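Peer 1: Sharing run16.txt (compact mmCIF, C-alpha atoms) below.
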```txt
# COMPACT_ATOMS: atom_id res chain seq x y z
CA MET A 229 10.58 16.34 -11.71
CA THR A 230 13.20 14.48 -13.72
CA GLY A 231 13.76 11.46 -11.48
CA PRO A 232 13.31 10.17 -7.96
CA LEU A 233 14.40 12.70 -5.39
CA LEU A 234 16.45 10.26 -3.35
CA ALA A 235 18.54 9.17 -6.35
CA ALA A 236 20.15 12.59 -6.38
CA ARG A 237 21.02 12.60 -2.68
CA PRO A 238 24.42 11.64 -1.36
CA ASP A 239 24.49 8.81 1.21
CA GLN A 240 25.29 11.07 4.15
CA ASP A 241 21.96 12.83 3.58
CA LEU A 242 20.16 9.51 4.12
CA ASN A 243 21.61 8.66 7.51
CA SER A 244 19.40 7.68 10.40
CA GLY A 245 17.37 10.65 11.59
CA ALA A 246 17.61 12.56 8.32
CA VAL A 247 14.43 14.50 7.56
CA LEU A 248 13.28 14.22 3.93
CA PRO A 249 11.55 16.91 1.86
CA GLU A 250 7.81 17.20 2.47
CA LEU A 251 4.93 16.82 0.01
CA ARG A 252 2.04 19.17 0.61
CA LYS A 253 -1.28 18.09 -0.90
CA PRO A 254 -4.13 20.41 -1.94
CA PRO A 255 -7.01 20.80 0.55
CA ILE A 256 -9.38 17.81 0.64
CA THR A 257 -12.80 18.55 -0.83
CA LYS A 258 -16.15 16.78 -0.71
CA LEU A 259 -15.88 16.33 -4.46
CA GLN A 260 -12.60 14.52 -3.95
CA LEU A 261 -14.26 12.15 -1.47
CA VAL A 262 -16.99 11.36 -4.01
CA LYS A 263 -14.36 10.75 -6.68
CA TYR A 264 -12.32 8.58 -4.32
CA ALA A 265 -15.41 6.56 -3.41
CA GLY A 266 -16.00 5.86 -7.09
CA ALA A 267 -12.37 5.18 -8.00
CA SER A 268 -11.70 2.91 -5.01
CA GLY A 269 -15.07 1.19 -4.69
CA ASP A 270 -15.40 2.25 -1.03
CA TYR A 271 -19.02 3.37 -0.96
CA ASN A 272 -19.28 3.73 2.82
CA LEU A 273 -21.64 6.71 3.04
CA ILE A 274 -19.95 8.21 6.11
CA HIS A 275 -17.45 9.59 3.57
CA THR A 276 -19.94 11.14 1.17
CA ASP A 277 -23.27 11.70 2.91
CA ASP A 278 -23.50 14.10 5.89
CA GLU A 279 -26.80 12.62 7.04
CA THR A 280 -25.30 9.14 7.34
CA ALA A 281 -22.21 10.55 9.04
CA ARG A 282 -24.34 12.38 11.64
CA ALA A 283 -26.42 9.28 12.26
CA VAL A 284 -23.28 7.53 13.56
CA GLY A 285 -22.25 10.46 15.75
CA LEU A 286 -19.90 12.36 13.45
CA GLU A 287 -20.25 16.09 12.77
CA GLY A 288 -20.27 15.43 9.04
CA VAL A 289 -18.48 13.37 6.43
CA ILE A 290 -14.91 12.29 7.10
CA ALA A 291 -12.26 11.39 4.54
CA HIS A 292 -11.45 7.78 3.76
CA GLY A 293 -8.37 6.79 5.77
CA MET A 294 -7.14 5.20 2.56
CA LEU A 295 -7.08 8.60 0.89
CA SER A 296 -4.39 9.77 3.32
CA MET A 297 -2.55 6.49 2.72
CA ALA A 298 -2.74 7.15 -1.02
CA PHE A 299 -1.07 10.52 -0.38
CA LEU A 300 1.75 8.71 1.43
CA GLY A 301 1.97 6.24 -1.46
CA GLU A 302 2.44 9.11 -3.90
CA TYR A 303 4.99 10.60 -1.52
CA LEU A 304 7.06 7.40 -1.64
CA CYS A 305 6.87 7.38 -5.45
CA TRP A 306 8.06 10.97 -5.48
CA LEU A 307 10.92 10.21 -3.10
CA ALA A 308 12.11 6.89 -4.49
CA GLY A 309 10.35 6.31 -7.83
CA PRO A 310 7.24 4.17 -8.38
CA GLU A 311 9.26 1.01 -9.12
CA SER A 312 11.04 1.23 -5.77
CA VAL A 313 8.20 1.15 -3.24
CA ARG A 314 8.43 -2.11 -1.26
CA ARG A 315 6.28 -1.59 1.80
CA LEU A 316 3.90 0.92 3.35
CA SER A 317 2.25 0.32 6.68
CA VAL A 318 0.07 2.90 8.40
CA ARG A 319 -2.33 3.47 11.29
CA PHE A 320 -5.22 5.87 10.93
CA VAL A 321 -5.08 7.81 14.19
CA GLU A 322 -7.11 10.98 13.63
CA MET A 323 -10.08 11.82 11.45
CA VAL A 324 -9.62 13.94 8.34
CA ARG A 325 -12.38 16.25 7.18
CA PRO A 326 -13.11 18.19 4.00
CA GLY A 327 -11.10 21.42 4.12
CA ASP A 328 -8.14 19.77 5.83
CA THR A 329 -4.77 20.13 4.12
CA LEU A 330 -2.39 17.21 4.58
CA THR A 331 1.36 17.28 4.30
CA CYS A 332 3.40 14.08 3.94
CA ARG A 333 6.65 13.86 5.83
CA ALA A 334 9.35 11.26 6.43
CA ARG A 335 12.40 10.63 8.52
CA VAL A 336 15.06 8.00 7.81
CA LYS A 337 15.10 5.14 10.31
CA GLU A 338 17.90 3.07 8.82
CA ARG A 339 19.59 1.93 5.64
CA THR A 340 20.09 -1.78 5.07
CA THR A 341 21.59 -4.03 2.42
CA ASN A 342 20.51 -7.59 1.69
CA ASP A 343 20.36 -10.00 -1.28
CA ALA A 344 17.65 -7.87 -2.85
CA GLY A 345 19.79 -4.72 -2.71
CA ARG A 346 19.83 -1.56 -0.63
CA ARG A 347 16.77 -0.51 1.30
CA LEU A 348 15.83 2.69 3.07
CA HIS A 349 13.50 2.31 6.05
CA LEU A 350 11.43 5.37 6.77
CA GLU A 351 9.13 6.69 9.43
CA VAL A 352 6.31 8.35 7.46
CA TRP A 353 3.28 10.35 8.42
CA ALA A 354 0.64 12.72 7.12
CA GLU A 355 -0.16 15.73 9.26
CA ASN A 356 -2.95 18.28 8.98
CA GLN A 357 -2.81 22.08 8.94
CA ARG A 358 -2.66 22.08 12.76
CA ALA A 359 0.46 19.86 12.64
CA GLU A 360 -1.53 16.93 14.09
CA ARG A 361 -0.39 13.57 12.76
CA VAL A 362 -3.46 11.94 11.30
CA THR A 363 -1.95 8.90 9.62
CA VAL A 364 1.33 7.45 10.84
CA GLY A 365 3.47 4.51 9.86
CA GLU A 366 6.58 3.18 8.25
CA ALA A 367 7.79 2.41 4.78
CA GLU A 368 10.55 0.67 2.92
CA VAL A 369 11.93 1.72 -0.46
CA ALA A 370 14.67 0.30 -2.65
CA ILE A 371 17.58 2.62 -3.35
CA THR A 372 20.51 2.25 -5.73
CA MET B 100 -20.90 -15.77 19.81
CA GLY B 101 -22.10 -12.92 21.98
CA HIS B 102 -19.76 -10.55 20.22
CA PRO B 103 -21.11 -7.01 19.85
CA ALA B 104 -20.63 -6.92 16.10
CA GLY B 105 -21.84 -10.47 15.65
CA LEU B 106 -18.46 -11.67 14.47
CA SER B 107 -17.09 -14.80 16.03
CA SER B 108 -13.65 -16.34 16.03
CA ASP B 109 -15.22 -19.17 14.00
CA LEU B 110 -14.54 -16.92 11.01
CA ILE B 111 -10.78 -17.20 11.42
CA GLY B 112 -9.31 -18.96 8.41
CA ARG B 113 -12.34 -18.39 6.23
CA GLU B 114 -11.44 -17.03 2.81
CA SER B 115 -12.80 -15.62 -0.41
CA GLU B 116 -12.72 -17.32 -3.77
CA THR B 117 -9.67 -16.45 -5.85
CA VAL B 118 -10.82 -13.62 -8.09
CA LEU B 119 -9.15 -12.43 -11.28
CA PHE B 120 -8.82 -8.65 -11.62
CA GLU B 121 -7.57 -7.05 -14.82
CA VAL B 122 -5.77 -3.77 -14.19
CA GLU B 123 -7.18 -1.25 -16.65
CA ARG B 124 -5.32 1.90 -17.68
CA GLY B 125 -8.49 3.95 -17.32
CA ALA B 126 -9.06 2.67 -13.79
CA ILE B 127 -5.48 3.63 -12.85
CA GLN B 128 -5.97 7.11 -14.30
CA LYS B 129 -9.27 7.56 -12.51
CA PHE B 130 -7.71 6.49 -9.21
CA ALA B 131 -4.66 8.74 -9.70
CA ASP B 132 -6.97 11.64 -10.52
CA ALA B 133 -9.11 11.07 -7.43
CA VAL B 134 -6.11 11.13 -5.08
CA GLN B 135 -4.34 13.83 -7.16
CA ASP B 136 -1.30 11.60 -7.56
CA GLN B 137 1.12 13.50 -9.82
CA THR B 138 3.52 10.60 -10.43
CA PRO B 139 3.92 10.78 -14.24
CA ALA B 140 3.65 7.00 -14.76
CA CYS B 141 0.42 6.95 -12.72
CA VAL B 142 -1.06 9.99 -14.49
CA ARG B 143 -0.39 8.20 -17.81
CA GLY B 144 -1.99 5.06 -16.40
CA ASP B 145 1.13 2.93 -16.96
CA LEU B 146 1.76 2.11 -13.29
CA ALA B 147 -0.82 1.92 -10.52
CA PRO B 148 -0.40 4.08 -7.39
CA PRO B 149 0.77 1.99 -4.41
CA THR B 150 -2.63 1.80 -2.72
CA PHE B 151 -4.44 0.67 -5.89
CA PRO B 152 -4.97 -2.88 -4.50
CA THR B 153 -7.72 -1.35 -2.36
CA THR B 154 -9.85 -1.42 -5.53
CA PHE B 155 -9.74 -5.24 -5.57
CA ARG B 156 -12.86 -5.96 -3.55
CA MET B 157 -13.88 -9.47 -2.61
CA THR B 158 -16.36 -11.04 -0.25
CA ILE B 159 -15.75 -13.71 2.35
CA PRO B 160 -18.69 -16.07 2.87
CA GLY B 161 -20.33 -15.48 6.26
CA LEU B 162 -18.58 -12.18 6.89
CA THR B 163 -21.07 -9.31 6.98
CA PHE B 164 -21.25 -6.16 9.08
CA ASP B 165 -22.73 -2.67 9.10
CA LEU B 166 -20.37 -0.49 7.07
CA ALA B 167 -21.26 2.65 9.01
CA ARG B 168 -19.97 1.01 12.23
CA VAL B 169 -16.56 0.11 10.83
CA LEU B 170 -13.38 2.07 11.41
CA HIS B 171 -10.29 1.37 9.37
CA GLY B 172 -7.62 0.98 12.04
CA SER B 173 -4.56 0.22 10.01
CA GLN B 174 -3.37 -0.97 6.64
CA GLU B 175 -0.17 -2.47 5.32
CA TYR B 176 0.94 -3.28 1.78
CA ARG B 177 4.07 -5.12 0.71
CA TYR B 178 5.10 -5.07 -2.94
CA GLU B 179 7.27 -7.25 -5.13
CA ARG B 180 6.74 -4.76 -7.95
CA PRO B 181 4.24 -2.08 -8.97
CA LEU B 182 0.99 -3.07 -10.70
CA ARG B 183 0.94 -2.18 -14.39
CA ALA B 184 -1.83 -1.53 -16.89
CA GLY B 185 -2.77 -4.86 -18.43
CA ASP B 186 -1.77 -6.92 -15.39
CA ARG B 187 -3.97 -9.90 -14.58
CA VAL B 188 -4.02 -10.26 -10.82
CA HIS B 189 -5.32 -13.31 -9.00
CA CYS B 190 -6.48 -12.13 -5.58
CA ARG B 191 -7.72 -13.77 -2.45
CA VAL B 192 -8.54 -12.45 1.02
CA ARG B 193 -8.85 -14.39 4.26
CA VAL B 194 -9.74 -13.73 7.88
CA ALA B 195 -6.45 -13.93 9.76
CA ASP B 196 -7.86 -13.03 13.18
CA VAL B 197 -10.93 -11.83 15.07
CA TYR B 198 -10.68 -10.62 18.66
CA GLN B 199 -12.36 -8.34 21.16
CA ARG B 200 -10.69 -5.54 23.03
CA LYS B 201 -11.81 -2.68 25.23
CA GLY B 202 -10.92 0.67 23.70
CA ARG B 203 -11.82 4.32 24.03
CA LEU B 204 -15.27 3.61 22.65
CA GLY B 205 -15.98 0.54 24.78
CA GLU B 206 -15.88 -3.07 23.66
CA MET B 207 -14.75 -3.34 20.07
CA THR B 208 -14.16 -6.18 17.65
CA PHE B 209 -10.91 -6.25 15.69
CA LEU B 210 -10.97 -8.00 12.35
CA ILE B 211 -7.67 -8.76 10.59
CA LEU B 212 -7.90 -9.48 6.87
CA VAL B 213 -4.95 -10.64 4.78
CA MET B 214 -5.02 -10.28 1.02
CA ASP B 215 -2.60 -11.35 -1.65
CA GLY B 216 -2.29 -10.93 -5.38
CA SER B 217 -0.23 -12.92 -7.87
CA ASP B 218 0.27 -13.05 -11.62
CA ASP B 219 -0.88 -15.78 -14.04
CA SER B 220 2.20 -17.87 -13.22
CA GLY B 221 1.56 -17.64 -9.48
CA ASN B 222 4.37 -15.17 -8.77
CA PRO B 223 3.40 -12.89 -5.88
CA ILE B 224 2.92 -9.20 -6.74
CA PHE B 225 1.70 -7.76 -3.46
CA SER B 226 0.13 -8.60 -0.12
CA GLY B 227 -2.00 -6.50 2.19
CA THR B 228 -3.11 -6.59 5.80
CA THR B 229 -6.19 -4.68 6.94
CA THR B 230 -7.24 -4.05 10.53
CA ALA B 231 -10.93 -3.16 10.70
CA ILE B 232 -12.44 -2.07 14.02
CA LEU B 233 -16.14 -2.70 14.56
CA ARG B 234 -17.93 -0.82 17.27
```
Would you mind writing the file out in structure tokens?
Peer 2:
Amino acid sequence: MTGPLLAARPDQDLNSGAVLPELRKPPITKLQLVKYAGASGDYNLIHTDDETARAVGLEGVIAHGMLSMAFLGEYLCWLAGPESVRRLSVRFVEMVRPGDTLTCRARVKERTTNDAGRRLHLEVWAENQRAERVTVGEAEVAIT
Amino acid sequence: MGHPAGLSSDLIGRESETVLFEVERGAIQKFADAVQDQTPACVRGDLAPPTFPTTFRMTIPGLTFDLARVLHGSQEYRYERPLRAGDRVHCRVRVADVYQRKGRLGEMTFLILVMDGSDDSGNPIFSGTTTAILR
């Protein structure tokens, strides 16, 4: 990658409704959940210990919702560049388990211009290998 | 009072101390590695991935609950700029709202936390809003 993806796209490709390229992440592993717990400081054991997860009625550990949000954060950096991310707002709607593969996707909602410059408003979501949207939301990135 | 999770609306407005966090390159790299973020500036540890503020953990006096009973409902971050290695971030979190609602799993308590971070001069860097659901 030489620069943000969106920088190379002509305006007509960023009109309302335009579907942006997807980012497919590697399958989530239990090791990743342990690493994320350590790196983020979220030590809730339902993400790393099957016994604790079962005690609260789950089949086994589930991924941190924030891990899927981190994927969407990376996706925005990939699309617009890390200096251009202005807002990311998500709801965690479905559980994510080890073995799931998430793909980040986005659709353009609108393009606006204000004192701070041009902004692209996106509908963003992460979906699993069954095309179920697990984390959904919206984002705003600065564009030139 | 009488709330299932033991959280009352008396908590609304309560806030943490302001805590100083220093953004370390190694912590950025460890976070980027854990989430497999391939953004070159994040892999190098120069810029923090957008959700890095989740690592800034603070406590609010009087606010305690059983972690295993908490669901993260939603999360929002707004950014003035990315966090960089070497940044000194002054953070604070407060209880913006507490309310009860009946959901799929019965009566649940919604807890809204608002966090903000600014630099040494008081310029805002980011803000975050967390919705936690306690069942």
Peer 1: Listing only residues of chain A within 8 Å of chain B, what is the closest atom pair and its distance in Å (to one decimal) for each, using all atoms listed in the file, sorted by chain and residue number ascending, as JSON lines?
Peer 2:
```
{"residue": "A:Gln260", "atom": "CA", "partner": "B:Ala133", "partner_atom": "CA", "distance": 6.0}
{"residue": "A:Leu261", "atom": "CA", "partner": "B:Ala133", "partner_atom": "CA", "distance": 8.0}
{"residue": "A:Lys263", "atom": "CA", "partner": "B:Ala133", "partner_atom": "CA", "distance": 5.3}
{"residue": "A:Tyr264", "atom": "CA", "partner": "B:Ala133", "partner_atom": "CA", "distance": 5.1}
{"residue": "A:Ala267", "atom": "CA", "partner": "B:Phe130", "partner_atom": "CA", "distance": 5.0}
{"residue": "A:Ser268", "atom": "CA", "partner": "B:Thr154", "partner_atom": "CA", "distance": 4.7}
{"residue": "A:Gly269", "atom": "CA", "partner": "B:Thr154", "partner_atom": "CA", "distance": 5.9}
{"residue": "A:Asn272", "atom": "CA", "partner": "B:Leu166", "partner_atom": "CA", "distance": 6.1}
{"residue": "A:Leu273", "atom": "CA", "partner": "B:Ala167", "partner_atom": "CA", "distance": 7.2}
{"residue": "A:Ile274", "atom": "CA", "partner": "B:Ala167", "partner_atom": "CA", "distance": 6.4}
{"residue": "A:Thr280", "atom": "CA", "partner": "B:Ala167", "partner_atom": "CA", "distance": 7.8}
{"residue": "A:Ala281", "atom": "CA", "partner": "B:Ala167", "partner_atom": "CA", "distance": 8.0}
{"residue": "A:Val284", "atom": "CA", "partner": "B:Ala167", "partner_atom": "CA", "distance": 7.0}
{"residue": "A:Gly293", "atom": "CA", "partner": "B:His171", "partner_atom": "CA", "distance": 6.8}
{"residue": "A:Met294", "atom": "CA", "partner": "B:Thr150", "partner_atom": "CA", "distance": 7.7}
{"residue": "A:Leu295", "atom": "CA", "partner": "B:Val134", "partner_atom": "CA", "distance": 6.6}
{"residue": "A:Met297", "atom": "CA", "partner": "B:Thr150", "partner_atom": "CA", "distance": 7.2}
{"residue": "A:Ala298", "atom": "CA", "partner": "B:Thr150", "partner_atom": "CA", "distance": 5.6}
{"residue": "A:Phe299", "atom": "CA", "partner": "B:Val134", "partner_atom": "CA", "distance": 6.9}
{"residue": "A:Gly301", "atom": "CA", "partner": "B:Pro149", "partner_atom": "CA", "distance": 5.3}
{"residue": "A:Glu302", "atom": "CA", "partner": "B:Asp136", "partner_atom": "CA", "distance": 5.8}
{"residue": "A:Cys305", "atom": "CA", "partner": "B:Thr138", "partner_atom": "CA", "distance": 6.8}
{"residue": "A:Trp306", "atom": "CA", "partner": "B:Thr138", "partner_atom": "CA", "distance": 6.7}
{"residue": "A:Pro310", "atom": "CA", "partner": "B:Pro181", "partner_atom": "CA", "distance": 7.0}
{"residue": "A:Glu311", "atom": "CA", "partner": "B:Pro181", "partner_atom": "CA", "distance": 5.9}
{"residue": "A:Ser312", "atom": "CA", "partner": "B:Arg180", "partner_atom": "CA", "distance": 7.7}
{"residue": "A:Val313", "atom": "CA", "partner": "B:Tyr178", "partner_atom": "CA", "distance": 7.0}
{"residue": "A:Arg314", "atom": "CA", "partner": "B:Tyr178", "partner_atom": "CA", "distance": 4.8}
{"residue": "A:Arg315", "atom": "CA", "partner": "B:Arg177", "partner_atom": "CA", "distance": 4.3}
{"residue": "A:Leu316", "atom": "CA", "partner": "B:Tyr176", "partner_atom": "CA", "distance": 5.4}
{"residue": "A:Ser317", "atom": "CA", "partner": "B:Glu175", "partner_atom": "CA", "distance": 3.9}
{"residue": "A:Val318", "atom": "CA", "partner": "B:Gln174", "partner_atom": "CA", "distance": 5.5}
{"residue": "A:Arg319", "atom": "CA", "partner": "B:Ser173", "partner_atom": "CA", "distance": 4.1}
{"residue": "A:Phe320", "atom": "CA", "partner": "B:Gly172", "partner_atom": "CA", "distance": 5.6}
{"residue": "A:Val321", "atom": "CA", "partner": "B:Gly172", "partner_atom": "CA", "distance": 7.6}
```
Peer 1: Select all residues near (4.9, 16.7, -0.6) (cut-off 7 Å, inclusive, file coordinates), counting all atoms listed in the file, and output them as an MDAnalysis selection string.
Peer 2: chainID A and resid 250:253 303 331:332
Peer 1: For Gly365 of chain A, which residue out of A:Ala308, A:Leu300, A:Ile290, A:Val324 is the nearest one, using only C-alpha atoms?
Peer 2: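 With only C-alpha atoms as the atom set, the closest residue is A:Leu300.
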Peer 1: Can you work out which one of B:Gly125, B:Met214, B:Met207, B:Arg183 has the shortest atom-to-atom distance to Ala195 of chain B, counting only C-alpha atoms?
Peer 2: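 Between B:Gly125, B:Met214, B:Met207, B:Arg183, the residue approaching Ala195 of chain B most closely is B:Met214.
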Peer 1: With all atoms listed in the file as the counted atoms, please give the residues lying no more than 9 Å from segment 335-352 of chain A, apart from itself and same-chain residues fewer than 6 positions off, as a list in words.
Peer 2: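 My reading of the contact set: Leu242, Asn243, Ser244, Gly245, Ala246, Val247, Leu248, Leu300, Arg314, Leu316, Val318, Thr363, Val364, Gly365, Glu366, Ala367, Glu368, Val369, Ala370, Ile371 and Thr372 of chain A.
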Peer 1: Calculate how many Å separate atom CA of Thr257 of chain A from atom CA of Gln357 of chain A, rounding to one decimal.
Peer 2: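 Computing the Euclidean distance for atom CA of Thr257 of chain A and atom CA of Gln357 of chain A yields 14.4 Å.
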Peer 1: Counting only C-alpha atoms, what is within 9 Å of Ser115 of chain B, bar same-chain residues fewer than 4 positions away, as a list in words?
Peer 2: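 What passes the distance filter is Met157, Thr158, Ile159, Pro160, Cys190, Arg191, Val192 and Arg193 of chain B.
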Peer 1: Enter the distance from atom CA of Leu330 of chain A to atom CA of Ser296 of chain A, in Å, rounded to one decimal.
Peer 2: 7.8 Å
Peer 1: Distance atom CA of Val262 of chain A-atom CA of Ala291 of chain A, one decimal place?
Peer 2: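 Pair atom CA of Val262 of chain A / atom CA of Ala291 of chain A returns 9.8 Å.
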Peer 1: Applying 6 Å and only C-alpha atoms, which residues near Val362 of chain A remain after dropping the ones on its own chain fewer than 5 positions away? List them as a PyMOL selection string.
Peer 2: chain A and resi 321-322+354-355
Peer 1: Is it possible to add N, CA and C atoms to segment 245-267 of chain A and hand it back as an mmCIF file, in the coordinates of the input?
Peer 2:
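And here's part15.cif as it stands now:
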```cif
data_model
loop_
_atom_site.group_PDB
_atom_site.id
_atom_site.type_symbol
_atom_site.label_atom_id
_atom_site.label_comp_id
_atom_site.auth_asym_id
_atom_site.auth_seq_id
_atom_site.Cartn_x
_atom_site.Cartn_y
_atom_site.Cartn_z
ATOM 1 N N GLY A 245 17.799 9.368 11.020
ATOM 2 C CA GLY A 245 17.370 10.650 11.590
ATOM 3 C C GLY A 245 17.205 11.747 10.562
ATOM 4 N N ALA A 246 17.715 11.526 9.349
ATOM 5 C CA ALA A 246 17.610 12.560 8.320
ATOM 6 C C ALA A 246 16.139 12.827 7.994
ATOM 7 N N VAL A 247 15.798 14.100 7.897
ATOM 8 C CA VAL A 247 14.430 14.500 7.560
ATOM 9 C C VAL A 247 14.365 14.723 6.053
ATOM 10 N N LEU A 248 13.391 14.114 5.390
ATOM 11 C CA LEU A 248 13.280 14.220 3.930
ATOM 12 C C LEU A 248 12.344 15.363 3.554
ATOM 13 N N PRO A 249 12.434 15.834 2.313
ATOM 14 C CA PRO A 249 11.550 16.910 1.860
ATOM 15 C C PRO A 249 10.081 16.507 1.997
ATOM 16 N N GLU A 250 9.233 17.485 2.262
ATOM 17 C CA GLU A 250 7.810 17.200 2.470
ATOM 18 C C GLU A 250 7.027 17.325 1.167
ATOM 19 N N LEU A 251 5.859 16.673 1.137
ATOM 20 C CA LEU A 251 4.930 16.820 0.010
ATOM 21 C C LEU A 251 3.619 17.346 0.554
ATOM 22 N N ARG A 252 3.277 18.558 0.132
ATOM 23 C CA ARG A 252 2.040 19.170 0.610
ATOM 24 C C ARG A 252 0.951 18.947 -0.422
ATOM 25 N N LYS A 253 -0.175 18.398 0.012
ATOM 26 C CA LYS A 253 -1.280 18.090 -0.900
ATOM 27 C C LYS A 253 -2.300 19.237 -0.874
ATOM 28 N N PRO A 254 -3.072 19.387 -1.947
ATOM 29 C CA PRO A 254 -4.130 20.410 -1.940
ATOM 30 C C PRO A 254 -5.192 20.070 -0.897
ATOM 31 N N PRO A 255 -5.964 21.062 -0.438
ATOM 32 C CA PRO A 255 -7.010 20.800 0.550
ATOM 33 C C PRO A 255 -7.981 19.710 0.051
ATOM 34 N N ILE A 256 -8.425 18.873 0.979
ATOM 35 C CA ILE A 256 -9.380 17.810 0.640
ATOM 36 C C ILE A 256 -10.776 18.432 0.476
ATOM 37 N N THR A 257 -11.458 18.027 -0.574
ATOM 38 C CA THR A 257 -12.800 18.550 -0.830
ATOM 39 C C THR A 257 -13.821 17.415 -0.815
ATOM 40 N N LYS A 258 -15.094 17.791 -0.650
ATOM 41 C CA LYS A 258 -16.150 16.780 -0.710
ATOM 42 C C LYS A 258 -16.183 16.113 -2.081
ATOM 43 N N LEU A 259 -15.918 16.908 -3.116
ATOM 44 C CA LEU A 259 -15.880 16.330 -4.460
ATOM 45 C C LEU A 259 -14.810 15.241 -4.546
ATOM 46 N N GLN A 260 -13.665 15.521 -3.916
ATOM 47 C CA GLN A 260 -12.600 14.520 -3.950
ATOM 48 C C GLN A 260 -13.042 13.223 -3.268
ATOM 49 N N LEU A 261 -13.799 13.350 -2.181
ATOM 50 C CA LEU A 261 -14.260 12.150 -1.470
ATOM 51 C C LEU A 261 -15.238 11.348 -2.336
ATOM 52 N N VAL A 262 -16.067 12.053 -3.091
ATOM 53 C CA VAL A 262 -16.990 11.360 -4.010
ATOM 54 C C VAL A 262 -16.195 10.657 -5.101
ATOM 55 N N LYS A 263 -15.185 11.362 -5.643
ATOM 56 C CA LYS A 263 -14.360 10.750 -6.680
ATOM 57 C C LYS A 263 -13.581 9.555 -6.133
ATOM 58 N N TYR A 264 -13.075 9.693 -4.906
ATOM 59 C CA TYR A 264 -12.320 8.580 -4.320
ATOM 60 C C TYR A 264 -13.230 7.379 -4.062
ATOM 61 N N ALA A 265 -14.453 7.664 -3.631
ATOM 62 C CA ALA A 265 -15.410 6.560 -3.410
ATOM 63 C C ALA A 265 -15.595 5.782 -4.707
ATOM 64 N N GLY A 266 -15.788 6.517 -5.801
ATOM 65 C CA GLY A 266 -16.000 5.860 -7.090
ATOM 66 C C GLY A 266 -14.775 5.123 -7.581
ATOM 67 N N ALA A 267 -13.601 5.765 -7.461
ATOM 68 C CA ALA A 267 -12.370 5.180 -8.000
ATOM 69 C C ALA A 267 -11.916 3.969 -7.179
#
```
